[in-house]
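Engineer: The structure under discussion is supplied below as structure tokens; questions concerning it will follow.
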Amino acid sequence: MLTKFETKSNRVKGLSFHSKRPWILASLHSGVIQLWDYRMGTLIDRFDEHDGPVRGVHFHKSQPLFVSGGDDYKIKVWNYKMHRCLFTLLGHLDYIRTVQFHHEYPWIVSASDDQTIRIWNWQSRTCISVLTGHNHYVMCASFHPKEDLVVSASLDQTVRVWDIGALRKKTVSPADDILRLSQMNADLFGGVDAVVKYVLEGHDRGVNWAAFHPTLPLIVSGADDRQVKLWRMNDTKAWEVDTLRGHMNNVSCVMFHAKQDIIVSNSEDKSIRVWDVTKRTGVQTFRREHDRFWILASHPEMNLLAAGHDSGMIVFKLERERPAFAVSGDSLFYAKDRFLRFYEFSTQRDTQVIPIRRPGTTSLNQGPRTLSYSPTENAVLVCSDVDGGSYELYVIPKDSIGRGDSAQEAKRGVGGSAVFVARNRFAVLDKSNNQVLVKNLKNEIVKKGSLPIAADAIFYAGTGNLLCRAEDRVVIFDLQQRIVLGDLQTPFVKYIVWSNDMESVALLSKHAIIIANKKLIHQCTLHETIRVKSGAWDDNGVFIYTTLNHIKYCLPNGDSGIIRTLDVPIYITKVSGNTIFCLDRDGKNRAIVIDATEYIFKLSLLKKKYDHVMSMIRNSQLCGQAMIAYLQQKGFPEVALHFVKDERTRFNLALESGNIQIAVASAKEIDEKDHWYRLGVEALRQGNAGIVEYAYQRTKNFERLSFLYLVTGNMEKLSKMLKIAEVKNDVMGQFHNALYLGDVQERVKILENAGHLPLAYITAKVHGLNDISERLAADLGDNVPSLPEGKVPSFLKPPPPIMCGGDWPLLRVMRGVFEGGLDNIGGRGAPEEDEDEDAAHADWGEELDMADVDGLQNGDVGTVLEDGEVPEENDEEGGWDLEDLELPAEPDTPRASVNARSSVFIAPTPGMPVSQIWTQRSTLAAEHAAAGNFDTAMRLLSRQLGIRNFAPLRSMFLDLHTGSHTYLRALSTTPIISLAVERGWNESASPNVRGPPALVFNFSQLEEKLKAGYKATTGGKFTEALRLFLSILHTIPLIVVESRREVDEVKELIIIVKEYVLGLKMELNRKEMRDNPVRQQELAAYFTHCNLQMPHLRLALQNAMTVCYKAKNLSTAANFAKRLLETNPTNENQAKMARQVIMAADRNMTDASQLNYDFRNPFVVCGATYVPIYRGQKDVSCPYCSSRFVPSQEGQLCSVCDLAVIGSDASGLLCSPSQIR
């Protein structure tokens, strides 16, 4: 049984599959009806208008309707698109057990505990017939799938078959008057619409369910006598054929399987049973622990079943539908209907080869699971689940392909999976001993070998190599050398697809695809919400795969997309050009033609095959928002430009690709202030003053225009701006323009006119305009402002610009590969350029690295570059045709200052930032922090060391980032330039190869700190020592060392420092406890069990001995004294004191108070609670500093290192590139 979907809910009493969509309705004992998508595993909707349990529910075959019947005596018809109940049918007088739509007529049949069956017309919303005759609850009623019959089961121990032919004749309106007259008579005198055809008696208890066979004249029923009975009927009578016994409790539901000769039943004995109709024996049983089963439903078209139980429902299949197949070159071998078949892709010829498997298997899921084919020996291995996993080896006679009749005896064997690994050798997995057996074609073992991981399946991985799969990883294992060639952690892998050249492999799991190379080095991972079914590589190295409802592609860089949707799942066998060959679930070969344009286009972009891209743009219908967004995201806005007709999108793309000409054209079309402003900003960035001026004029942005003229030194236009400000009566604008021009008299005049006489006076006086200042002084009278004494005034005038007038000099860059070649694609090229188009395109494609500059042929580019500056084009076209500014009239649009065709400005493509290079190559957190990628550094530390508290590391992250860059100041007016500093740089290093970042923290600094910490500990400065040791612990995650030996030293340092931090924290804690002598002694005792340097251990022992002696714990004190003497103390005082304590204790070997301390039993100290964890007791540890804690501390922050979370998963310290190689 293959469970596809499971829900947890109240008891499920009714189920119904939708005929087309992946939906299932479940009606619950609580009164709710749930609508689930079993493919996505999501609850789509819930309907809860019934009062009490809903026992029956059914989808309509074609309308967006379903019907439900409940214990509230109501039948409700719902529209699931409108999310509401359309109407309620009333008439039953007791619980309604089942409801069902007729497959053709607008009828509903319902069965009820009021002992009747009713047929309703849901269009006229009336009851059209009541079937009476049962004399107990009617447990179910259903229409025959083809004939005018209804079957019902009742607790009166009978199954009844009703003929509703008369009802159909009455409903389908009679053709002539005589018939209509007889119809009226029947209505008047109580004619019967439905008559009992047969009453089937044979069950000893109430019958719970009865169902018709979809095609044969058979009925199956299940009852409280725990039996399933099979009945046959003809035109005149019905009789019992057989009884199927095996259920231990009431049989609640039973049905025929639509596709196979089996009966499925379920029961309150918590089991689902499958029976063989032909042999009438049990085939398989599926049990649940605690849940009784109530209802079964089968999908009308697919091979799916569902069962409802006490705590939810399951959707399941009885057998896998994936055909076993193996592809070899142009041929495909596959298993279908107990035959091995052969299919040739080129001719699409399909033939039967040999029969496989003896017929008549006793249980399900015994068909072939996998095939492996050896083309040279023409041998096939068929693996199946028979006997817990076994294989059969067939050698196909060369002449038998196409005859398919010669049965031959196969060589059999037991094994988890079997694959050919060489021409005449195959490997078999022996799961129980975790070893692989290599056998020859005579099925004799040639070689045995154990596997590097506990594998549960093996796959082919090239000659002599195996790909072994475990639960969470795969490895490639060389059988000859017995070495692991590659190892990769993955979700559980189900299928493996190698590319044609065996260079790449796709690992398919249930919801993910992992692409790796032949050494299992990870390249990309794709996640799917819907199950992944199959896949194959095409000739370009693109992986084409299918999910349940799509064919999709995956490019080498991990980009993916949909090629087309599918109605039914398929299994891809081969991709050739734009044809996909596949097998469907019925084992039929199909060839599907697809449109590969989209992914070939993306692949060409990715592989930089720009000539191919160009021709595709010209010749194909590639467009749409998704494609534009893709091109933008991948840094090709100039390509996207040629797809787009919408002006706003064109404008944005033109700005992004720095194409001012197109941006101007689009801005004119849009003519909105915001767009002109953004155009001005981009033109200013490129130094195209003419366009900036034009953009500011269009938006009447006078302040910006004035400033532009100031920066470009255009004094003539500045004085015009002054006049415009005067006309507009803009006093502030006038004053600014006068200031920019350095026109003092004008400024004085403006201030005077504005009424600022004191300011006007000061301005005139300072600038030596004495006649004006005297006149103003007379006007001011006594209010003349005084000037500061002893100050020398300076003339306030802006400095002249370095470059006057025109645009900035443009950078000479090679023309972008898409420039010019694409100019007319978007329909925006100038008409006179059309004749040149063919000439321009002639040289593309071949010489892509060249560029077409100023109308020269590709070959002549060198000459231009040598000559330096390009001569001016036609003089009339230079600059902008701007007449005198007669604002506010609309100005003319300026023409492009250079020939748009050949010398369009292309911003040079920025290189990759150093920080990105550093992070791409590294999995060392310190290097990510140095690059400024703090979030990835934190993620790495979290993954490697379980660190969650980054507060102590904040300053170090900042130091690393600052320390890996140096800063240059070129000019006072230019921004500061930051330069990356590389580790281990030297003169001979290649300028194009980036080294790793220089790091401010190194291992030798930590050794210095460690010595300082020891010194502070010896001197009794515990707080200072603790600070030093903690800072070492906090720095180690950001240390990078070169050799493996140093890695071991770093790990050793963590252990040393952790012991000191724990000990010092306990000692500081002890000193704060004045009022708890017992706890004081315990902490002093634990301190002596930290792994300390010898001098410190002696001090700790002396300290513990003193504390215990003072507290009258003589026996414990004597133990410390003995341990102290064992260290051979160099200080005579220590030794003397220890001997005295032992002598005193010998006289009185007692302890005044009981301590939680047993020195005979080895222990470690919990880093948070400071209690001993004796050997054998459970504990959890910190993934970083490896301090140990009592289990209750799991999930808390480690109190020793203050960084990591106790008990969290971590991969371990990574502090050297040598660990990664």
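Chain labels run A, B, ... following the order of the structure tokens; each chain numbers its residues from 1, and ligands are numbered from 1 in the order shown.
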Residues of stretch 237-451 of chain A in strand (DSSP E or B) according to DSSP, as a PyMOL selection string?
Structural biologist: chain A and resi 238-245+251-256+262-267+271-276+281-287+293-298+305-309+312-317+325-328+331-336+339-344+349-355+368-374+379-384+390-395+411-414+418-422+425-430+435-440+445-450
Engineer: Please identify all polymer residues within 9 Å of A:Ala930, counting only C-alpha atoms, omitting same-chain residues fewer than 5 positions from it, and present them as a ChimeraX atom specification.
Structural biologist: /A:915,918,925,957-965,997-999
Engineer: From the set A:Asp807, A:Arg698, A:Trp122, A:Ser1031, which residue has the shortest atom-to-atom contact distance to A:Arg685, counting only C-alpha atoms?
Structural biologist: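 Ranking A:Asp807, A:Arg698, A:Trp122, A:Ser1031 by distance to A:Arg685, first place goes to A:Asp807.
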Engineer: Name the residues in contact with A:Arg585 at a cut-off of 10 Å, using only C-alpha atoms, excluding same-chain residues fewer than 4 positions from it; report them as a PyMOL selection string.
Structural biologist: chain A and resi 302-303+320-323+568-571+589
Engineer: Using the selection just defined, write its residues with N, CA, C and O atoms as a PDB file, in the first residue's frame.
Structural biologist:
ATOM      1  N   MET A 302      -8.559   7.471 -11.950  1.00  0.00           N
ATOM      2  CA  MET A 302      -7.178   7.112 -11.628  1.00  0.00           C
ATOM      3  C   MET A 302      -7.134   5.931 -10.675  1.00  0.00           C
ATOM      4  O   MET A 302      -8.133   5.548 -10.082  1.00  0.00           O
ATOM      5  N   ASN A 303      -5.923   5.403 -10.526  1.00  0.00           N
ATOM      6  CA  ASN A 303      -5.748   4.206  -9.710  1.00  0.00           C
ATOM      7  C   ASN A 303      -5.592   4.580  -8.236  1.00  0.00           C
ATOM      8  O   ASN A 303      -4.591   4.234  -7.622  1.00  0.00           O
ATOM      9  N   ARG A 320       2.448   0.285  -7.216  1.00  0.00           N
ATOM     10  CA  ARG A 320       3.160   1.325  -7.952  1.00  0.00           C
ATOM     11  C   ARG A 320       2.725   1.259  -9.413  1.00  0.00           C
ATOM     12  O   ARG A 320       2.514   0.180  -9.947  1.00  0.00           O
ATOM     13  N   GLU A 321       2.633   2.435 -10.049  1.00  0.00           N
ATOM     14  CA  GLU A 321       2.236   2.438 -11.463  1.00  0.00           C
ATOM     15  C   GLU A 321       3.408   2.800 -12.357  1.00  0.00           C
ATOM     16  O   GLU A 321       3.251   2.888 -13.566  1.00  0.00           O
ATOM     17  N   ARG A 322       4.576   3.051 -11.751  1.00  0.00           N
ATOM     18  CA  ARG A 322       5.738   3.432 -12.547  1.00  0.00           C
ATOM     19  C   ARG A 322       6.279   2.203 -13.255  1.00  0.00           C
ATOM     20  O   ARG A 322       6.669   1.232 -12.611  1.00  0.00           O
ATOM     21  N   PRO A 323       6.318   2.200 -14.590  1.00  0.00           N
ATOM     22  CA  PRO A 323       6.866   1.029 -15.274  1.00  0.00           C
ATOM     23  C   PRO A 323       8.385   0.974 -15.076  1.00  0.00           C
ATOM     24  O   PRO A 323       9.041   2.012 -15.055  1.00  0.00           O
ATOM     25  N   VAL A 568      -2.004  13.748 -17.240  1.00  0.00           N
ATOM     26  CA  VAL A 568      -1.706  12.558 -16.427  1.00  0.00           C
ATOM     27  C   VAL A 568      -0.197  12.468 -16.260  1.00  0.00           C
ATOM     28  O   VAL A 568       0.547  12.939 -17.119  1.00  0.00           O
ATOM     29  N   PRO A 569       0.274  11.893 -15.166  1.00  0.00           N
ATOM     30  CA  PRO A 569       1.722  11.782 -14.970  1.00  0.00           C
ATOM     31  C   PRO A 569       2.361  10.914 -16.042  1.00  0.00           C
ATOM     32  O   PRO A 569       1.764   9.947 -16.513  1.00  0.00           O
ATOM     33  N   ILE A 570       3.588  11.289 -16.438  1.00  0.00           N
ATOM     34  CA  ILE A 570       4.347  10.478 -17.399  1.00  0.00           C
ATOM     35  C   ILE A 570       5.757  10.269 -16.845  1.00  0.00           C
ATOM     36  O   ILE A 570       6.175  10.971 -15.930  1.00  0.00           O
ATOM     37  N   TYR A 571       6.463   9.306 -17.423  1.00  0.00           N
ATOM     38  CA  TYR A 571       7.831   9.004 -16.986  1.00  0.00           C
ATOM     39  C   TYR A 571       8.742   9.184 -18.187  1.00  0.00           C
ATOM     40  O   TYR A 571       8.667   8.411 -19.146  1.00  0.00           O
ATOM     41  N   ASN A 589       4.250   3.746 -24.849  1.00  0.00           N
ATOM     42  CA  ASN A 589       5.268   4.723 -25.240  1.00  0.00           C
ATOM     43  C   ASN A 589       4.605   5.907 -25.919  1.00  0.00           C
ATOM     44  O   ASN A 589       3.745   5.736 -26.789  1.00  0.00           O
TER      45      ASN A 589
END
Engineer: I'd like the contact shell of A:Val382 - 7 Å cut-off, only C-alpha atoms, skipping same-chain residues fewer than 6 positions apart - returned as an NGL selection string.
Structural biologist: :A and (368 or 370-372 or 391-393)
Engineer: Excluding A:Trp120 and any residue of its chain fewer than 5 positions from it, enumerate the residues within 6 Å of it, using only C-alpha atoms, and give them as a compact mmCIF listing (two decimals) with N, CA, C and O atoms, in the first residue's frame.
Structural biologist:
# COMPACT_ATOMS: atom_id res chain seq x y z
N TRP A 107 -30.43 13.24 -11.09
CA TRP A 107 -31.02 12.54 -9.97
C TRP A 107 -30.02 12.39 -8.83
O TRP A 107 -28.81 12.33 -9.04
N ILE A 108 -30.59 12.28 -7.63
CA ILE A 108 -29.80 11.92 -6.44
C ILE A 108 -30.52 10.74 -5.79
O ILE A 108 -31.75 10.77 -5.67
N THR A 126 -37.25 18.23 -6.35
CA THR A 126 -38.39 17.48 -5.79
C THR A 126 -38.00 16.03 -5.64
O THR A 126 -37.09 15.54 -6.32
N CYS A 127 -38.76 15.32 -4.81
CA CYS A 127 -38.58 13.87 -4.68
C CYS A 127 -39.41 13.22 -5.78
O CYS A 127 -40.62 13.48 -5.88
N ILE A 128 -38.79 12.38 -6.62
CA ILE A 128 -39.54 11.81 -7.74
C ILE A 128 -39.90 10.35 -7.50
O ILE A 128 -40.70 9.78 -8.23
Engineer: Between A:Asp310, A:Asn753, A:Val150, A:Leu605, which residue has the minimum interatomic distance to A:Ser9, considering only C-alpha atoms?
Structural biologist: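 Result for the nearest residue to A:Ser9: A:Asp310.
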Engineer: From the DSSP assignment of the backbone, select every residue of stretch 952-1090 of chain A that is alpha helix (DSSP H), and format the answer as number ranges by chain.
Structural biologist: A: 954-963, 1003-1018, 1022-1035, 1044-1072, 1077-1087
Engineer: What lies within 9 Å of stretch 598-601 of chain A using only C-alpha atoms, ignoring chain neighbours under 2 positions off, as a short mmCIF file (atom, residue, chain, number, x, y, z; two decimals) with N, CA, C and O atoms, in the first residue's frame?
Structural biologist:
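Dumped everything to around_7.cif:
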data_model
loop_
_atom_site.label_atom_id
_atom_site.label_comp_id
_atom_site.auth_asym_id
_atom_site.auth_seq_id
_atom_site.Cartn_x
_atom_site.Cartn_y
_atom_site.Cartn_z
N ASN A 540 21.84 19.44 -24.71
CA ASN A 540 22.55 20.68 -24.34
C ASN A 540 22.95 20.72 -22.87
O ASN A 540 23.43 21.74 -22.40
N VAL A 542 20.74 20.39 -20.40
CA VAL A 542 19.61 20.88 -19.60
C VAL A 542 18.86 19.65 -19.08
O VAL A 542 18.66 18.68 -19.82
N TYR A 553 12.02 22.37 -16.81
CA TYR A 553 13.45 22.27 -17.14
C TYR A 553 14.27 22.86 -16.00
O TYR A 553 13.78 23.67 -15.22
N CYS A 554 15.53 22.43 -15.93
CA CYS A 554 16.46 22.99 -14.95
C CYS A 554 17.77 23.25 -15.68
O CYS A 554 18.36 22.34 -16.24
N LEU A 555 18.21 24.52 -15.68
CA LEU A 555 19.48 24.88 -16.33
C LEU A 555 20.65 24.56 -15.39
O LEU A 555 20.45 24.41 -14.18
N SER A 560 14.98 27.47 -13.30
CA SER A 560 14.04 26.46 -13.80
C SER A 560 12.78 27.14 -14.31
O SER A 560 12.55 28.32 -14.05
N GLY A 561 11.97 26.38 -15.02
CA GLY A 561 10.72 26.92 -15.54
C GLY A 561 9.86 25.80 -16.07
O GLY A 561 10.29 24.65 -16.17
N ILE A 563 7.72 23.89 -18.96
CA ILE A 563 7.65 23.74 -20.42
C ILE A 563 6.19 23.56 -20.84
O ILE A 563 5.71 24.20 -21.76
N ASP A 595 8.07 22.92 -26.94
CA ASP A 595 8.70 24.16 -27.43
C ASP A 595 9.87 24.45 -26.50
O ASP A 595 9.69 24.84 -25.36
N ALA A 596 11.08 24.26 -27.02
CA ALA A 596 12.27 24.40 -26.17
C ALA A 596 12.85 25.81 -26.23
O ALA A 596 13.89 26.07 -25.62
N LEU A 603 19.71 29.28 -21.79
CA LEU A 603 20.98 28.55 -21.78
C LEU A 603 22.02 29.30 -22.61
O LEU A 603 23.18 29.40 -22.21
N SER A 604 21.60 29.83 -23.77
CA SER A 604 22.54 30.58 -24.62
C SER A 604 23.05 31.81 -23.89
O SER A 604 24.23 32.15 -23.98
N LEU A 605 22.15 32.49 -23.18
CA LEU A 605 22.59 33.66 -22.39
C LEU A 605 23.60 33.23 -21.34
O LEU A 605 24.62 33.88 -21.13
N LEU A 606 23.27 32.11 -20.68
CA LEU A 606 24.13 31.62 -19.60
C LEU A 606 25.51 31.25 -20.13
O LEU A 606 26.53 31.55 -19.52
N HIS A 612 23.82 33.26 -30.99
CA HIS A 612 22.61 32.42 -30.92
C HIS A 612 21.46 33.22 -30.33
O HIS A 612 20.33 33.17 -30.82
N VAL A 613 21.77 33.98 -29.27
CA VAL A 613 20.74 34.81 -28.62
C VAL A 613 20.17 35.78 -29.63
O VAL A 613 18.95 35.97 -29.74
N MET A 616 17.85 34.18 -32.08
CA MET A 616 16.60 33.78 -31.44
C MET A 616 15.69 34.98 -31.23
O MET A 616 14.47 34.89 -31.37
N ILE A 617 16.30 36.12 -30.86
CA ILE A 617 15.48 37.32 -30.63
C ILE A 617 14.80 37.72 -31.94
O ILE A 617 13.64 38.09 -31.97
N LEU A 622 9.64 35.23 -28.42
CA LEU A 622 9.96 35.27 -26.98
C LEU A 622 9.51 36.60 -26.42
O LEU A 622 9.99 37.64 -26.83
N MET A 627 9.98 36.81 -18.98
CA MET A 627 11.25 36.82 -19.73
C MET A 627 11.98 38.15 -19.53
O MET A 627 13.19 38.18 -19.34
#
Engineer: Find, counting only C-alpha atoms, the residue in A:Cys1185, A:Leu230, A:Leu305, A:Ala141 that gets nearest to A:Asp276.
Structural biologist: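 For A:Asp276, the nearest of the given residues is A:Leu230.
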Engineer: Quick one: of A:Glu1082, A:Glu716, A:Glu528, A:Glu656, who's nearest to A:Gly635, counting only C-alpha atoms?
Structural biologist: A:Glu656
Engineer: How many Å lie between atom CA of A:Asn517 and atom CA of A:Val505, rounded to one decimal?
Structural biologist: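 Going from atom CA of A:Asn517 over to atom CA of A:Val505 covers 5.9 Å.
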Engineer: Give me, as a short mmCIF file (atom, residue, chain, number, x, y, z; two decimals) with N, CA and C atoms, in the first residue's frame, all polymer residues having an atom no more than 8 Å from A:Ile263, counting only C-alpha atoms and skipping those fewer than 5 positions away in the same chain.
Structural biologist:
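Once everything was written out, this is result-v4.cif:
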data_model
loop_
_atom_site.label_atom_id
_atom_site.label_comp_id
_atom_site.auth_asym_id
_atom_site.auth_seq_id
_atom_site.Cartn_x
_atom_site.Cartn_y
_atom_site.Cartn_z
N VAL A 254 -17.33 -2.09 1.21
CA VAL A 254 -16.69 -3.04 0.30
C VAL A 254 -16.95 -2.59 -1.14
N MET A 255 -15.97 -2.81 -2.02
CA MET A 255 -16.13 -2.36 -3.40
C MET A 255 -15.22 -3.14 -4.34
N PHE A 256 -15.60 -3.15 -5.65
CA PHE A 256 -14.73 -3.72 -6.68
C PHE A 256 -13.71 -2.66 -7.10
N HIS A 257 -12.49 -3.12 -7.40
CA HIS A 257 -11.48 -2.20 -7.94
C HIS A 257 -11.78 -2.01 -9.43
N VAL A 274 -7.62 -6.81 0.86
CA VAL A 274 -7.71 -6.89 -0.60
C VAL A 274 -7.90 -8.36 -0.96
N TRP A 275 -8.92 -8.64 -1.79
CA TRP A 275 -9.25 -10.03 -2.15
C TRP A 275 -9.13 -10.21 -3.66
N ASP A 276 -8.71 -11.39 -4.07
CA ASP A 276 -8.63 -11.73 -5.50
C ASP A 276 -9.99 -12.28 -5.92
N VAL A 277 -10.62 -11.63 -6.92
CA VAL A 277 -11.98 -12.04 -7.33
C VAL A 277 -11.94 -13.41 -7.98
#
